[in-house]
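Structure first, commentary second.
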Protein chains: 4
Amino acid sequence: MTIHPFPPSSQLVAERLAQEFAETAAERDKAGGTPKRERDRLRESGLLAMSVPTEYGGGGASWPETMLAVRTIARADSSVAHVFGFHHLLVATVRLFGSESQMEALYRPTVAQNWFWGNALNPLDKRTVAAPDGVGWVWNGVKSFCSGAADSDILVASALSSVDGKLMVAVTPSDRAGITIHHDWDNMGQRQTDSGSVAFQDLKVNPDDLLTTPGPLGSIFASLRPCLAQLILVNVFLGIAEGAFEEAKRYTLSKSRPWGTSGAAAASDDPYILRHYGELWLALEGARLLADRAADVFQQSWDLGDDLTARQRGETSLAVAAAKVSATKNGLDVVQRMFEVMGASATAAHFDFDRYWRNLRTHTLHDPVDYKLKELGEWALCDTIPTPTFYS
Amino acid sequence: MTIHPFPPSSQLVAERLAQEFAETAAERDKAGGTPKRERDRLRESGLLAMSVPTEYGGGGASWPETMLAVRTIARADSSVAHVFGFHHLLVATVRLFGSESQMEALYRPTVAQNWFWGNALNPLDKRTVAAPDGVGWVWNGVKSFCSGAADSDILVASALSSVDGKLMVAVTPSDRAGITIHHDWDNMGQRQTDSGSVAFQDLKVNPDDLLTTPGPLGSIFASLRPCLAQLILVNVFLGIAEGAFEEAKRYTLSKSRPWGTSGAAAASDDPYILRHYGELWLALEGARLLADRAADVFQQSWDLGDDLTARQRGETSLAVAAAKVSATKNGLDVVQRMFEVMGASATAAHFDFDRYWRNLRTHTLHDPVDYKLKELGEWALCDTIPTPTFYS
Amino acid sequence: MTIHPFPPSSQLVAERLAQEFAETAAERDKAGGTPKRERDRLRESGLLAMSVPTEYGGGGASWPETMLAVRTIARADSSVAHVFGFHHLLVATVRLFGSESQMEALYRPTVAQNWFWGNALNPLDKRTVAAPDGVGWVWNGVKSFCSGAADSDILVASALSSVDGKLMVAVTPSDRAGITIHHDWDNMGQRQTDSGSVAFQDLKVNPDDLLTTPGPLGSIFASLRPCLAQLILVNVFLGIAEGAFEEAKRYTLSKSRPWGTSGAAAASDDPYILRHYGELWLALEGARLLADRAADVFQQSWDLGDDLTARQRGETSLAVAAAKVSATKNGLDVVQRMFEVMGASATAAHFDFDRYWRNLRTHTLHDPVDYKLKELGEWALCDTIPTPTFYS
Amino acid sequence: MTIHPFPPSSQLVAERLAQEFAETAAERDKAGGTPKRERDRLRESGLLAMSVPTEYGGGGASWPETMLAVRTIARADSSVAHVFGFHHLLVATVRLFGSESQMEALYRPTVAQNWFWGNALNPLDKRTVAAPDGVGWVWNGVKSFCSGAADSDILVASALSSVDGKLMVAVTPSDRAGITIHHDWDNMGQRQTDSGSVAFQDLKVNPDDLLTTPGPLGSIFASLRPCLAQLILVNVFLGIAEGAFEEAKRYTLSKSRPWGTSGAAAASDDPYILRHYGELWLALEGARLLADRAADVFQQSWDLGDDLTARQRGETSLAVAAAKVSATKNGLDVVQRMFEVMGASATAAHFDFDRYWRNLRTHTLHDPVDYKLKELGEWALCDTIPTPTFYS
């Protein structure tokens with residue numbers, strides 16, 4: 001297993017992988033389950049280390065670069081893109097919530113052994129409790145929506161303390177005794193994200209495993225985490241819509257027939273089809289500019305580290321929220337209307353074109369768009385920045 | 001097998017069947033194939049004869065009544081509703097294109113033996129050719145999109161004459177030698193409509209089998225057929241959206257949780273969720289009124305028979321077109337946004353809630369909405385009625 | 001002055017007047033002020049008595065008929081339509097809030113002398129106070145938004161009791177000592193509605209002047225008043241949009257030139273212009289059906305009198321709310337987009353085509369559409385009917 | 001009269017002027033006519049020379065800087081912004097269509113004497129004809145839509161050659177004998193743009209006055225002119241919407257009252273009002289990013305001069321088209337919905353808030369958005385760039 005050097009080649013690697021994943025995306029969508037082969041291809045590609053700082057041997061890619069890689073893969077396969085993006089979020093979580101020595105301890109093997117990080121951090125699910133056992137803690141309970149836990153090498157997990165009810169976040173090897181990763185994800189979309197449940201039974205968590213300096217949302221800088229999580233969603237949404245748009249174009253140009261009363265020689269001459277394409281392209285272009293701007297703003301905030309002010313953090317959150325609302329709304333428009341520019345024959349099951357809608361519709365429900373719009377409104381009208389939570 | 005008397009009970013029968021079909025709709029959507037049990041339940045119910053005139057022993061239901069039955073079944077199962085609706089279209093085709101004696105010959109056994117009529121009439125597919133053989137005709141070729149041909153008792157089929165290229169429409173028993181009904185329908189939506197292909201190999205078609213008095217679109221009255229076909233689509237669309245809406249309500253009331261920052265005690269108190277429900281209900285209500293009005297206008301035109309003027313026929317077509325555009329646009333809005341008022345957990349595969357979108361998205365591609373809008377515009381601006389075709 | 005008999009001729013009279021008002025509508029919009037001549041033409045026409053029950057010598061028109069007359073006049077002149085519609089609301093207020101003997105006392109001269117009723121009832125403006133003076137009451141204070149008070153013969157006015165703070169509603173001649181009608185209405189739209197202020201200075205109000213049996217919203221039947229008020233708004237909105245649509249058609253057909261790259265011989269051949277007309281017509285048609293249905297539902301509730309149940313009253317309110325949201329949204333779409341199908345030259349001031357937008361935009365702000373949608377949502381989701389207020 | 005040095009101060013100057021113009025914008029909108037005082041303030045400010053290259057003593061501002069100045073002034077006064085923007089277009093026309101020596105001859109006095117350039121170039125109006133007179137040409141005829149001709153110092157005008165029908169473009173002092181500038185502009189919006197007619201009667205046009213090297217759209221670089229014209233429109237549209245948005249905010253915060261049943265303590269706490277603000281802000285933000293990107297792309301193309309390829313020119317045109325469609329659609333949404341977050345009292349005539357809608361609605365009709373969308377579609381689907389015309 002060789003790590004490819006990057007950047008600048010990471011985007012090329014991402015594009016090559018996307019092309020490869022595209023070939024089996026429809027069939028794997030139908031099968032569901034773990035995209036083991038694709039996950040291993042990501043491991044081999046070196047892309048898992050792209051966001052790790054260079055001082056730990058990583059690629060040192062900027063967040064805009066990493067987001068572009070996520071979006072690129074999402075064009076072909078949004079399940080893989082989601083766990084790939086969240087992998088980088090989990091890697092970043094050590095920097096955000098933890099200490100220098102934890103970065104040292106965790107980033108070097110991430111690079112050397114191409115670790116794929118998995119998620120078992122879900123603050124909305126309060127069923128896992130951590131009890132002190134003298135030395136460290138013993139965790140018991142269940143977590144839902146644990147995307148990418150299956151086939152992961154290492155997990156970021158959360159529990160509530162039995163002492164004070166506070167949220168604790170730990171990093172543990174995925175195969176530590178007491179962890180059972182269930183293969184119980186079966187959804188209408190994002191079918192290969194393995195976003196099922198993880199059970200903890202008398203899991204030993206050592207003090208060193210806990211990210212407590214500064215801990216979850218424990219500083220202004222730490223509270224950038226939800227911004228990054230949401231930024232990844234934005235790029236997955238956008239990638240899905242871009243993939244759908246390209247698929248539609250290929251179909252219209254190669255297979256669609258002009259409507260009888262249109263007077264057009266080809267579907268691509270039909271004035272209404274052309275107008276639809278103009279509208280859909282514009283919808284995507286606007287969402288793209290907002291997503292790229294959000295990534296730039298995020299990078300600036302990231303670079304400030306502990307100099308980041310609450311106001312700057314708030315504006316970062318709002319730039320990401322703006323991009324998310326746009327990618328949601330315009331993306332859904334693309335995956336719904338793409339069929340109108342292809343025609344009835346494009347609904348044949350073997351194309352699996354409905355997966356674009358199923359994937360985007362599923363993923364855009366992560367947290368409600370209405371409250372993003374409300375936050376944008378509070379800011380635009382009252383100059384109020386959002387209170388940091390795991391979603392804002 | 002007993003035929004239930006109707007109306008007035010036909011709507012009750014339809015509602016009871018819808019309730020029954022709803023229980024297995026999700027599972028049958030996944031399985032695809034022929035809904036044999038449900039088709040037989042329709043046979044038993046007597047609803048297949050509801051639109052047959054009373055003089056032939058049928059139910060004599062009006063078209064608004066028949067459309068309501070179609071819509072009712074579509075709330076639970078839009079595949080079954082489609083073939084049920086098209087059954088009535090095919091029955092009506094004898095009245096529209098054929099003679100009194102053909103009605104006599106075909107309607108009595110339809111009632112007595114609960115025939116389920118199947119479709120092999122598709123003017124856009126020009127691959128089937130009829131050649132004269134001295135007495136009648138010999139048909140050879142293939143037809144696609146033959147909804148409800150599988151498990152049908154009798155078929156309405158079309159071919160192009162080898163003599164003059166004209167469209168011929170015939171009625172033949174589905175099991176006549178020379179007819180092969182393929183089970184090759186596999187689509188993202190409307191999965192149990194069996195809209196696959198039918199092959200004709202040296203099929204003998206007798207002069208009596210042909211509907212030639214006045215023949216396809218052979219009179220103003222005959223050209224009501226596409227209006228009826230489109231009206232059935234409208235009611236299937238609307239039924240899908242109504243079913244989705246009811247499903248969403250049940251979920252929001254019983255399962256959705258209020259969003260953390262909403263301050264609402266229950267999802268049903270959330271101001272944004274309430275506004276969404278208001279918008280979606282209004283979207284449906286508008287579509288419903290247009291659909292009901294179109295059915296009334298259609299019935300008036302139907303009742304005129306050969307006294308129907310071209311202008312009245314045009315206005316009927318436009319009333320149906322208006323209803324169709326509205327049901328398409330507003331229905332898609334409902335099946336897309338229903339998830340926003342339910343939340344992420346509603347995407348679990350076992351609910352199969354995406355079938356509402358898949359079914360509606362598939363079916364609304366039957367023919368392009370853009371050209372319906374153009375026809376409405378030509379009428380609104382220039383007072384021009386649409387030229388009758390198999391779609392207008 | 002002769003009263004024309006009606007119905008059935010009231011609609012013809014309304015159409016004739018609308019045609020007449022249309023000739024000067026643009027110029028009077030610019031001038032603002034009181035449309036004295038048009039008000040007198042309404043007085044002469046007999047239409048002011050159309051909704052008065054036949055037992056008092058009135059026209060006995062149904063509410064759907066009266067609403068159609070309002071809409072018809074609004075197509076030409078929405079200011080006049082508004083005061084005409086509210087005149088009928090004020091006439092109905094005696095039936096809703098008052099006694100048989102008050103009807104007798106007020107309806108007969110309304111018919112005989114063609115009284116034009118004016119509005120000084122505005123529950124949101126709490127500046128007018130009624131103090132007891134032994135026999136009756138003395139009113140002092142100001143009221144804003146008193147549409148149609150100028151040039152009125154009789155006023156329906158409201159005050160808050162100094163004793164218990166309750167809303168009191170009285171009917172008084174407009175020229176009674178103590179009433180000053182200010183000509184201070186100067187708005188961007190609905191410029192001839194005279195919706196300015198009325199001042200009361202030591203106005204004597206006798207017990208007989210007060211509508212107290214059952215009083216404002218004093219019974220379920222009495223609480224139909226806001227439904228009627230809103231229904232009038234619906235029909236004014238719709239009339240504005242219909243008038244705009246007809247104006248646009250005339251312009252496109254007679255003056256618009258095809259765009260250079262369109263390839264169309266005339267603007268009315270342009271595929272995009274035709275599609276716009278299709279969409280706009282459909283928007284209007286949907287709004288029209290909802291408005292007509294609301295009027296029918298209202299009439300049914302009206303006919304029930306004190307047998308009306310709270311549930312029926314609630315459903316009436318919701319039917320009107322649905323129509324109002326639709327007329328608002330679709331109407332605004334028409335008055336905004338009408339320019340896109342006419343072109344730049346249609347912005348010349350002498351056409352005054354912007355008045356459609358200014359009138360509709362102004363009038364649709366009467367009370368917020370968001371809360372109508374919320375009420376519809378509460379009903380659709382939770383089966384809750386709106387609490388009667390002066391707006392719901 | 002002192003010229004202020006710029007940039008970097010040009011934006012500050014523009015902001016200061018905008019603030020000043022805002023104070024009288026409503027009153028001047030009502031008056032119409034020539035904003036003589038404001039034009040003179042622009043002359044004094046030095047902003048008229050901001051886009052003139054430094055080698056001729058001008059400000060040497062980039063196009064993004066100039067566009068920002070246009071947008072800034074449009075926030076306060078879109079009529080003045082339009083003629084200010086078109087002034088720079090006309091200045092640039094010498095560079096685009098003319099020769100080095102013409103730049104030398106025209107740019108120096110533009111800077112030294114603060115010339116305000118006016119428009120009499122309108123290729124759609126073919127009524128002005130140029131006939132050869134041995135030495136040069138004699139022009140006769142009329143031009144419509146001559147924005148900023150009144151009170152201009154110098155005119156760019158067009159005529160059709162009587163010899164070959166070709167479009168000729170000339171630069172002449174506005175007071176040359178034979179030119180009559182009519183004050184006949186009276187429109188619903190953009191009321192102080194003086195976009196009336198100019199008459200030519202035996203106007204002498206010398207060979208030196210003609211821009212013939214390379215002449216109108218005479219090279220790829222020259223065909224950037226319509227891109228610049230459209231980019232100015234984009235920034236005027238956006239400025240109007242931004243101005244409206246700020247106005248609405250001030251009003252909601254200072255004057256709007258919460259709706260009775262909202263439960264909100266202030267209008268700015270109402271969940272629906274906040275959501276509206278979120279949506280409107282997002283609409284503007286997306287349009288802003290597209291506009292800024294278009295200005296950057298335009299600048300890059302401008303900098304290439306005659307190295308500009310047809311493909312690059314096409315992509316510039318498309319970037320501008322995208323921005324224009326977005327600014328049109330989203331801008332109209334802002335100026336229409338701003339009233340919903342302010343409430344009914346905001347329609348009082350003295351606020352003149354309807355001018356935002358009237359100005360934007362008028363100006364966005366310059367050329368049809370449908371054909372911009374078609375061009376975007378042809379490009380997105382078929383990879384086709386638009387054919388240069390005076391509008392694409």
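The chains in the structure tokens are called A, B, ... from first to last as shown; in each chain the residues are counted from 1, and the ligands are counted from 1 in the order shown.
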message: What are the residues of chain C lining chain B at 10 Å or less? Count only C-alpha atoms, and put the answer as a PyMOL selection string.
response: chain C and resi 245-246+248-250+252-253+268-283+285-290+293+319+321-323+325-326+370-382
query: Residues at most 12 Å from region 60-64 of chain B, counting only C-alpha atoms, excluding those fewer than 2 positions away in the same chain, as a ChimeraX atom specification?
result: /B:5-11,46-58,66-71,85,88-89,92,107,111,227-229,231-232,235,291-303
- prompt: Out of region 37-106 of chain A, which residues get helix (DSSP H, G or I) from DSSP, as a PyMOL selection string?
  reply: chain A and resi 37-45+47-49+54-56+63-76+78-97+100-106
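In this structure, CA of Pro216 (chain A) sits 13.5 Å away from CA of Gly165 (chain A).
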message: Need to verify the contact set: region 137-139 of chain A, 10 Å, only C-alpha atoms, exclusion of same-chain residues closer than 5 positions in sequence. Can you return it as a PyMOL selection string?
response: chain A and resi 128-132+158-162+178-179+199-207+210
Could you turn the residues from that selection into a file that holds all heavy atoms, as a short mmCIF file (atom, residue, chain, number, x, y, z; two decimals), in the first residue's frame?
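part.cif written:
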data_model
loop_
_atom_site.label_atom_id
_atom_site.label_comp_id
_atom_site.auth_asym_id
_atom_site.auth_seq_id
_atom_site.Cartn_x
_atom_site.Cartn_y
_atom_site.Cartn_z
N THR A 128 -26.24 6.57 25.66
CA THR A 128 -24.99 6.01 26.15
C THR A 128 -24.50 6.81 27.36
O THR A 128 -24.42 8.03 27.30
CB THR A 128 -23.92 6.02 25.03
OG1 THR A 128 -24.38 5.22 23.95
CG2 THR A 128 -22.59 5.48 25.54
N VAL A 129 -24.19 6.08 28.42
CA VAL A 129 -23.81 6.71 29.68
C VAL A 129 -22.42 6.24 30.09
O VAL A 129 -22.08 5.06 29.95
CB VAL A 129 -24.84 6.38 30.78
CG1 VAL A 129 -24.39 6.92 32.14
CG2 VAL A 129 -26.20 6.98 30.40
N ALA A 130 -21.61 7.20 30.59
CA ALA A 130 -20.26 6.88 31.05
C ALA A 130 -20.22 6.97 32.58
O ALA A 130 -20.56 8.00 33.15
CB ALA A 130 -19.26 7.87 30.45
N ALA A 131 -19.80 5.88 33.21
CA ALA A 131 -19.71 5.86 34.67
C ALA A 131 -18.24 5.76 35.08
O ALA A 131 -17.47 5.01 34.46
CB ALA A 131 -20.50 4.67 35.22
N PRO A 132 -17.81 6.49 36.11
CA PRO A 132 -16.41 6.44 36.52
C PRO A 132 -16.12 5.07 37.18
O PRO A 132 -16.98 4.50 37.84
CB PRO A 132 -16.31 7.56 37.55
CG PRO A 132 -17.69 7.84 38.02
CD PRO A 132 -18.62 7.41 36.94
N SER A 158 -19.33 9.37 21.61
CA SER A 158 -19.77 10.28 22.68
C SER A 158 -20.64 9.55 23.70
O SER A 158 -21.29 8.54 23.38
CB SER A 158 -20.54 11.46 22.11
OG SER A 158 -21.77 11.04 21.56
N ALA A 159 -20.63 10.06 24.92
CA ALA A 159 -21.47 9.53 25.99
C ALA A 159 -21.81 10.69 26.92
O ALA A 159 -21.18 11.75 26.87
CB ALA A 159 -20.73 8.43 26.75
N LEU A 160 -22.81 10.45 27.75
CA LEU A 160 -23.11 11.45 28.78
C LEU A 160 -22.56 10.93 30.10
O LEU A 160 -22.72 9.75 30.44
CB LEU A 160 -24.62 11.66 28.89
CG LEU A 160 -25.28 12.22 27.63
CD1 LEU A 160 -26.77 12.45 27.87
CD2 LEU A 160 -24.61 13.52 27.20
N SER A 161 -21.92 11.81 30.84
CA SER A 161 -21.35 11.42 32.13
C SER A 161 -22.44 11.13 33.14
O SER A 161 -23.39 11.91 33.28
CB SER A 161 -20.44 12.55 32.64
OG SER A 161 -20.24 12.42 34.02
N SER A 162 -22.29 10.04 33.86
CA SER A 162 -23.27 9.72 34.91
C SER A 162 -23.11 10.67 36.10
O SER A 162 -23.98 10.76 36.94
CB SER A 162 -23.10 8.28 35.38
OG SER A 162 -21.87 8.13 36.08
N GLY A 178 -15.89 -4.44 23.89
CA GLY A 178 -17.02 -3.66 24.41
C GLY A 178 -17.73 -2.86 23.34
O GLY A 178 -18.76 -2.25 23.58
N ILE A 179 -17.16 -2.84 22.15
CA ILE A 179 -17.79 -2.11 21.03
C ILE A 179 -18.37 -3.11 20.03
O ILE A 179 -17.66 -4.00 19.56
CB ILE A 179 -16.76 -1.22 20.29
CG1 ILE A 179 -16.22 -0.15 21.23
CG2 ILE A 179 -17.39 -0.59 19.04
CD1 ILE A 179 -15.15 0.75 20.60
N ALA A 199 -23.17 -0.33 19.66
CA ALA A 199 -23.50 -0.63 21.06
C ALA A 199 -22.22 -0.67 21.88
O ALA A 199 -21.18 -1.15 21.43
CB ALA A 199 -24.21 -1.97 21.15
N PHE A 200 -22.30 -0.11 23.07
CA PHE A 200 -21.18 -0.15 24.01
C PHE A 200 -21.59 -0.99 25.20
O PHE A 200 -22.61 -0.72 25.84
CB PHE A 200 -20.83 1.26 24.48
CG PHE A 200 -20.54 2.22 23.35
CD1 PHE A 200 -21.43 3.23 23.03
CD2 PHE A 200 -19.37 2.10 22.61
CE1 PHE A 200 -21.18 4.09 21.98
CE2 PHE A 200 -19.10 2.97 21.56
CZ PHE A 200 -20.01 3.98 21.24
N GLN A 201 -20.76 -2.00 25.48
CA GLN A 201 -21.06 -2.83 26.66
C GLN A 201 -19.81 -2.88 27.52
O GLN A 201 -18.80 -3.49 27.14
CB GLN A 201 -21.50 -4.22 26.23
CG GLN A 201 -22.16 -4.97 27.38
CD GLN A 201 -22.73 -6.30 26.94
OE1 GLN A 201 -22.43 -6.77 25.84
NE2 GLN A 201 -23.53 -6.92 27.78
N ASP A 202 -19.86 -2.21 28.66
CA ASP A 202 -18.70 -2.16 29.56
C ASP A 202 -17.42 -1.77 28.82
O ASP A 202 -16.35 -2.36 29.04
CB ASP A 202 -18.51 -3.50 30.28
CG ASP A 202 -19.69 -3.81 31.20
OD1 ASP A 202 -20.33 -2.85 31.69
OD2 ASP A 202 -19.97 -5.00 31.41
N LEU A 203 -17.55 -0.78 27.94
CA LEU A 203 -16.37 -0.30 27.21
C LEU A 203 -15.48 0.51 28.16
O LEU A 203 -15.95 1.46 28.80
CB LEU A 203 -16.83 0.59 26.04
CG LEU A 203 -15.71 1.34 25.30
CD1 LEU A 203 -14.84 0.37 24.48
CD2 LEU A 203 -16.31 2.43 24.40
N LYS A 204 -14.22 0.13 28.23
CA LYS A 204 -13.26 0.86 29.05
C LYS A 204 -12.76 2.09 28.28
O LYS A 204 -12.24 1.94 27.17
CB LYS A 204 -12.04 -0.02 29.37
CG LYS A 204 -12.33 -1.22 30.25
CD LYS A 204 -12.29 -0.84 31.73
CE LYS A 204 -12.57 -2.09 32.60
NZ LYS A 204 -12.89 -1.73 33.99
N VAL A 205 -12.93 3.24 28.86
CA VAL A 205 -12.41 4.46 28.25
C VAL A 205 -11.41 5.09 29.22
O VAL A 205 -11.76 5.43 30.35
CB VAL A 205 -13.56 5.43 27.92
CG1 VAL A 205 -13.00 6.76 27.41
CG2 VAL A 205 -14.48 4.82 26.87
N ASN A 206 -10.18 5.21 28.76
CA ASN A 206 -9.11 5.77 29.59
C ASN A 206 -9.13 7.28 29.54
O ASN A 206 -9.62 7.87 28.56
CB ASN A 206 -7.75 5.28 29.08
CG ASN A 206 -7.73 3.77 28.96
OD1 ASN A 206 -8.20 3.06 29.86
ND2 ASN A 206 -7.23 3.28 27.82
N PRO A 207 -8.59 7.94 30.56
CA PRO A 207 -8.51 9.40 30.53
C PRO A 207 -7.85 9.92 29.25
O PRO A 207 -8.30 10.91 28.67
CB PRO A 207 -7.67 9.73 31.76
CG PRO A 207 -7.92 8.59 32.70
CD PRO A 207 -8.10 7.37 31.84
N LEU A 210 -10.01 10.50 26.13
CA LEU A 210 -11.00 11.59 26.11
C LEU A 210 -10.42 12.87 25.53
O LEU A 210 -9.29 13.25 25.83
CB LEU A 210 -11.50 11.86 27.53
CG LEU A 210 -12.33 10.73 28.15
CD1 LEU A 210 -12.57 11.01 29.63
CD2 LEU A 210 -13.66 10.58 27.41
#
query: Between CA of Lys324 (chain B) and CA of Asp306 (chain B), what is the spacing in Å?
result: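 Taking CA of Asp306 (chain B) and CA of Lys324 (chain B), their separation equals 25.6 Å.
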task: From the DSSP assignment of the backbone, select every residue of region 49-254 of chain D that is strand (DSSP E or B), and format the answer as a PyMOL selection string.
output: chain D and resi 117-120+129-132+137-143+154-161+167-173+179-181+187+198-205+210
task: Do a neighbour search on Ser317 (chain A) at 8 Å with only C-alpha atoms, toss out local chain neighbours closer than 5 positions, and write the hits as a list in words.
output: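 Within the cut-off, the hits are Leu224, Cys227, Pro386 and Ser392 of chain A.
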task: List the neighbours of region 33-39 of chain B out to 12 Å using only C-alpha atoms; skip same-chain residues closer than 2 positions along the sequence, and give me the result as number ranges by chain.
output: B: 14, 17-25, 27-31, 41-48, 73, 76-84, 87, 114-118, 147-153, 182-187, 189-196
- prompt: At what distance in Å, to one decimal, does CA of Asp383 (chain A) lie from CA of Thr316 (chain A)?
  reply: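 We find that CA of Thr316 (chain A) and CA of Asp383 (chain A) lie 14.0 Å from each other.
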